[in-house]
$ cat final_13.tsv   # TSV, C-alpha atoms and all ligand atoms
chain	number	residue	atom	x	y	z
A	1052	MET	CA	42.12	63.11	183.46
A	1053	ARG	CA	40.84	64.80	180.29
A	1054	LYS	CA	37.11	64.30	179.93
A	1055	ALA	CA	35.58	65.62	176.73
A	1056	ILE	CA	32.10	65.80	175.30
A	1057	TYR	CA	31.18	65.58	171.63
A	1058	PRO	CA	27.71	67.13	171.47
A	1059	GLY	CA	25.39	67.07	168.51
A	1060	SER	CA	22.07	66.06	167.04
A	1061	PHE	CA	23.33	62.90	165.27
A	1062	ASP	CA	20.04	62.69	163.38
A	1063	PRO	CA	21.18	60.37	161.87
A	1064	ILE	CA	24.76	59.35	162.59
A	1065	THR	CA	27.09	59.59	159.59
A	1066	PHE	CA	30.60	58.38	158.80
A	1067	GLY	CA	31.69	61.96	159.53
A	1068	HIS	CA	30.47	61.66	163.14
A	1069	GLN	CA	31.99	58.19	163.49
A	1070	ASP	CA	35.34	59.55	162.33
A	1071	ILE	CA	35.31	62.42	164.84
A	1072	ILE	CA	34.36	59.99	167.66
A	1073	ALA	CA	37.20	57.60	166.79
A	1074	ARG	CA	39.79	60.36	166.53
A	1075	SER	CA	38.76	62.26	169.65
A	1076	SER	CA	38.53	59.08	171.75
A	1077	SER	CA	42.23	58.58	171.11
A	1078	ILE	CA	43.06	62.15	172.16
A	1079	PHE	CA	41.11	62.30	175.44
A	1080	ASP	CA	40.96	59.96	178.44
A	1081	GLU	CA	37.17	59.85	178.36
A	1082	LEU	CA	34.69	60.93	175.73
A	1083	ILE	CA	30.97	61.42	176.20
A	1084	VAL	CA	28.93	61.52	173.01
A	1085	GLY	CA	26.09	63.84	174.03
A	1086	VAL	CA	22.84	63.77	172.09
A	1087	LEU	CA	21.08	67.09	172.37
A	1088	ASN	CA	17.44	66.73	173.23
A	1089	ASN	CA	16.16	69.72	171.30
A	1090	SER	CA	12.38	69.81	171.37
A	1091	ALA	CA	12.36	72.72	168.90
A	1092	LYS	CA	13.91	70.54	166.19
A	1093	ASN	CA	11.68	68.17	164.28
A	1094	SER	CA	13.83	65.09	164.41
A	1095	LEU	CA	13.83	61.91	162.34
A	1096	PHE	CA	14.90	59.66	165.24
A	1097	SER	CA	13.88	60.08	168.86
A	1098	VAL	CA	16.63	60.89	171.33
A	1099	ASP	CA	16.41	57.36	172.74
A	1100	GLU	CA	16.82	55.85	169.28
A	1101	ARG	CA	19.84	58.04	168.60
A	1102	VAL	CA	21.43	57.19	171.96
A	1103	SER	CA	20.96	53.48	171.36
A	1104	MET	CA	22.38	53.66	167.81
A	1105	LEU	CA	25.42	55.58	169.07
A	1106	ARG	CA	25.91	53.01	171.84
A	1107	GLU	CA	25.82	50.25	169.27
A	1108	LEU	CA	28.34	52.11	167.13
A	1109	THR	CA	30.80	52.79	169.97
A	1110	LYS	CA	30.43	49.58	171.99
A	1111	ASP	CA	34.01	48.50	171.27
A	1112	ILE	CA	35.62	51.81	172.26
A	1113	PRO	CA	36.13	51.48	176.03
A	1114	ASN	CA	36.55	55.17	176.89
A	1115	VAL	CA	33.39	56.32	175.07
A	1116	THR	CA	29.99	56.65	176.72
A	1117	VAL	CA	26.77	57.96	175.20
A	1118	ASP	CA	24.23	60.11	176.97
A	1119	SER	CA	21.55	62.67	176.17
A	1120	PHE	CA	21.11	66.10	177.64
A	1121	ASP	CA	18.78	69.04	177.40
A	1122	GLY	CA	19.26	72.64	178.35
A	1123	LEU	CA	22.64	74.31	178.32
A	1124	LEU	CA	25.68	72.27	177.37
A	1125	VAL	CA	27.81	74.03	179.99
A	1126	ASP	CA	25.35	72.97	182.70
A	1127	TYR	CA	25.44	69.37	181.55
A	1128	MET	CA	29.24	69.53	181.54
A	1129	LYS	CA	29.30	70.63	185.18
A	1130	GLU	CA	27.09	67.66	186.03
A	1131	SER	CA	29.15	65.16	184.06
A	1132	GLY	CA	32.62	66.53	184.85
A	1133	ALA	CA	33.60	67.13	181.21
A	1134	THR	CA	35.68	70.26	180.56
A	1135	ILE	CA	36.40	70.00	176.84
A	1136	ILE	CA	33.93	70.31	173.96
A	1137	VAL	CA	34.80	68.56	170.70
A	1138	ARG	CA	33.29	69.81	167.46
A	1139	GLY	CA	33.98	68.95	163.87
A	1140	LEU	CA	34.70	71.62	161.26
A	1141	ARG	CA	33.81	70.86	157.68
A	1142	ALA	CA	33.98	74.15	155.83
A	1143	VAL	CA	34.18	77.88	156.43
A	1144	THR	CA	30.40	77.86	156.64
A	1145	ASP	CA	30.67	75.93	159.95
A	1146	PHE	CA	33.28	78.30	161.31
A	1147	GLU	CA	31.32	81.45	162.07
A	1148	TYR	CA	28.61	79.69	164.05
A	1149	GLU	CA	31.04	77.40	165.86
A	1150	LEU	CA	33.32	80.29	166.85
A	1151	GLN	CA	30.40	82.19	168.34
A	1152	ILE	CA	29.12	79.18	170.32
A	1153	ALA	CA	32.62	78.29	171.54
A	1154	GLN	CA	33.22	81.82	172.79
A	1155	THR	CA	29.82	82.00	174.45
A	1156	ASN	CA	30.41	78.71	176.25
A	1157	HIS	CA	33.82	79.92	177.39
A	1158	VAL	CA	32.32	83.12	178.79
A	1159	GLU	CA	29.59	81.09	180.55
A	1160	ASN	CA	32.25	78.87	182.11
A	1161	PRO	CA	35.93	79.83	181.66
A	1162	ALA	CA	36.97	76.27	182.59
A	1163	VAL	CA	35.36	75.03	179.38
A	1164	GLU	CA	37.51	74.84	176.23
A	1165	THR	CA	36.35	73.89	172.74
A	1166	VAL	CA	38.58	71.80	170.50
A	1167	PHE	CA	37.91	71.59	166.77
A	1168	LEU	CA	38.85	68.63	164.65
A	1169	THR	CA	38.97	69.25	160.94
A	1170	THR	CA	36.84	66.87	158.96
A	1171	ASN	CA	38.34	63.87	157.28
A	1172	LEU	CA	38.54	64.92	153.61
A	1173	LYS	CA	36.57	61.80	152.66
A	1174	TYR	CA	33.56	63.08	154.60
A	1175	SER	CA	33.85	66.84	154.28
A	1176	TYR	CA	30.66	67.05	152.18
A	1177	LEU	CA	28.64	64.90	154.54
A	1178	SER	CA	25.87	66.11	156.83
A	1179	SER	CA	22.86	64.54	158.51
A	1180	SER	CA	20.54	66.79	156.53
A	1181	VAL	CA	21.97	65.57	153.21
A	1182	VAL	CA	21.52	61.97	154.37
A	1183	ARG	CA	17.90	62.67	155.30
A	1184	GLU	CA	17.21	64.26	151.94
A	1185	PHE	CA	18.81	61.42	149.97
A	1186	ALA	CA	17.02	58.78	152.03
A	1187	ALA	CA	13.65	60.48	151.65
A	1188	TYR	CA	13.92	60.13	147.86
A	1189	GLY	CA	15.25	56.57	148.02
A	1190	GLY	CA	18.85	57.52	147.18
A	1191	ASP	CA	21.75	55.26	148.11
A	1192	ILE	CA	22.89	56.28	151.60
A	1193	SER	CA	25.20	53.32	152.22
A	1194	LYS	CA	28.22	55.51	151.44
A	1195	PHE	CA	27.15	58.00	154.09
A	1196	VAL	CA	26.12	56.03	157.18
A	1197	PRO	CA	27.41	52.92	158.95
A	1198	ALA	CA	25.80	49.73	157.59
A	1199	PRO	CA	23.69	48.78	160.65
A	1200	PHE	CA	21.70	52.02	160.38
A	1201	VAL	CA	20.97	52.20	156.65
A	1202	ASP	CA	17.71	50.24	156.75
A	1203	ARG	CA	16.54	51.94	159.93
A	1204	ILE	CA	16.79	55.27	158.13
A	1205	TYR	CA	14.88	54.04	155.06
A	1206	GLN	CA	12.17	52.64	157.34
A	1207	LYS	CA	11.53	56.11	158.71
A	1208	TYR	CA	10.57	57.12	155.18
A	1209	ASN	CA	8.67	53.89	154.44
A	1210	ILE	CA	11.17	53.03	151.75
A	1211	ASN	CA	12.06	49.41	150.95
A	1212	ARG	CA	15.35	49.02	149.13
B	1	LIG	P1	24.55	69.96	165.40
B	1	LIG	O1	23.07	70.02	165.19
B	1	LIG	O2	24.99	70.24	166.79
B	1	LIG	O3	25.37	70.68	164.36
B	1	LIG	P2	25.30	67.50	164.10
B	1	LIG	O4	24.87	66.14	164.50
B	1	LIG	O5	24.87	67.98	162.76
B	1	LIG	O6	24.84	68.40	165.27
B	1	LIG	O7	26.87	67.60	164.16
B	1	LIG	C1	27.57	67.37	165.35
B	1	LIG	C2	29.03	67.74	165.18
B	1	LIG	O8	29.62	66.90	164.20
B	1	LIG	C3	29.29	69.17	164.70
B	1	LIG	O9	30.46	69.63	165.32
B	1	LIG	C4	29.53	69.01	163.23
B	1	LIG	O10	30.35	70.04	162.71
B	1	LIG	C5	30.25	67.68	163.22
B	1	LIG	N1	30.12	67.01	161.93
B	1	LIG	C6	28.98	66.72	161.26
B	1	LIG	N2	29.25	66.11	160.08
B	1	LIG	C7	30.60	66.03	160.00
B	1	LIG	C8	31.53	65.55	159.02
B	1	LIG	N3	31.09	65.04	157.87
B	1	LIG	N4	32.85	65.64	159.29
B	1	LIG	C9	33.27	66.18	160.45
B	1	LIG	N5	32.47	66.66	161.41
B	1	LIG	C10	31.16	66.60	161.20
$ encode --input "final_13.tsv" --output "structure tokens"
Amino acid sequence: MRKAIYPGSFDPITFGHQDIIARSSSIFDELIVGVLNNSAKNSLFSVDERVSMLRELTKDIPNVTVDSFDGLLVDYMKESGATIIVRGLRAVTDFEYELQIAQTNHVENPAVETVFLTTNLKYSYLSSSVVREFAAYGGDISKFVPAPFVDRIYQKYNINR
């Protein structure tokens, strides 16, 4: 039984995240999408909002569940029984940070392995921060995020499109 976790901020969800979820759910028996509850980060959506959007997005994928966690990922993994971390790699700029975190997690708990999926070329430029910036200035974000969430993002910036 291979249980993996795909952790992240998902603030907001993008097509890049959706792609990684779809691909990793077909690799592993079970996938938890874990929303990090990071009080230090000033987030656009609350953790509950992000969890409920991710649940909506993944409702038709039977082996995917969505949860939130705070504190150390390796501690949450012990609790939930996941042993594999999935992360997406977009560019070399992601690599240095991801390598360091993956190695730290492995030292913390040698049973934990990190698996990297390379980004789908279509979405390699895409990040939540770019979506936030575009949305804040009323740019068209429909190419970046799944349709059900477009208006919810604009609403956060009091933008009517
Ligand atoms: P974090 O704050 O943990 O980086 P994010 O929500 O920004 O959380 O990203 C979560 C994961 O999704 C990370 O592994 C990130 O590299 C990956 N990711 C983000 N955008 C994309 C994308 N466009 N293509 C592939 N992976 C992505």
$ closest_residue --input "final_13.tsv" --among "A:Met1052, A:Ile1064, A:Val1137, A:Ala1073" --to "Glu1100 in chain A" --atoms "only C-alpha atoms"
A:Ile1064
$ residues_near_ligand --input "final_13.tsv" --ligand "ligand LIG 1 (chain B)" --cutoff "9 Å" --atoms "only C-alpha atoms and all ligand atoms" --output "PyMOL selection string"
chain A and resi 1057-1071+1086-1087+1137-1142+1145-1146+1149+1167-1180+1195
$ closest_residue --input "final_13.tsv" --among "A:Tyr1148, A:Phe1079, A:Tyr1205, A:Phe1096" --to "Arg1053 in chain A" --atoms "all atoms listed in the file"
A:Phe1079
$ residues_around --input "final_13.tsv" --residues "Leu1123 in chain A" --least-positions-apart "6" --cutoff "12 Å" --atoms "only C-alpha atoms" --output "PDB file with C-alpha atoms, in the coordinates of the input"
ATOM      1  CA  PRO A1058      27.710  67.130 171.470  1.00  0.00           C
ATOM      2  CA  GLY A1085      26.090  63.840 174.030  1.00  0.00           C
ATOM      3  CA  LEU A1087      21.080  67.090 172.370  1.00  0.00           C
ATOM      4  CA  ASN A1088      17.440  66.730 173.230  1.00  0.00           C
ATOM      5  CA  ASN A1089      16.160  69.720 171.300  1.00  0.00           C
ATOM      6  CA  LYS A1129      29.300  70.630 185.180  1.00  0.00           C
ATOM      7  CA  GLU A1130      27.090  67.660 186.030  1.00  0.00           C
ATOM      8  CA  ILE A1152      29.120  79.180 170.320  1.00  0.00           C
ATOM      9  CA  THR A1155      29.820  82.000 174.450  1.00  0.00           C
ATOM     10  CA  ASN A1156      30.410  78.710 176.250  1.00  0.00           C
ATOM     11  CA  GLU A1159      29.590  81.090 180.550  1.00  0.00           C
ATOM     12  CA  ASN A1160      32.250  78.870 182.110  1.00  0.00           C
TER      13      ASN A1160
END
$ closest_residue --input "final_13.tsv" --among "A:Ser1077, A:Ser1090, A:Arg1212, A:Phe1185" --to "Asp1121 in chain A" --atoms "only C-alpha atoms"
A:Ser1090
$ residues_near_point --input "final_13.tsv" --point "(23.6, 59.1, 180.0)" --cutoff "12 Å" --atoms "only C-alpha atoms" --output "number ranges by chain"
A: 1056, 1083-1088, 1098-1099, 1102-1103, 1105-1106, 1115-1121, 1127-1128, 1130-1131
$ closest_residue --input "final_13.tsv" --among "A:Ile1136, A:Ala1091, A:Val1125, A:Leu1082" --to "Ile1112 in chain A" --atoms "all atoms listed in the file"
A:Leu1082
$ closest_residue --input "final_13.tsv" --among "A:Ser1075, A:Met1104, A:Asp1126, A:Gly1132" --to "Ala1198 in chain A" --atoms "only C-alpha atoms"
A:Met1104
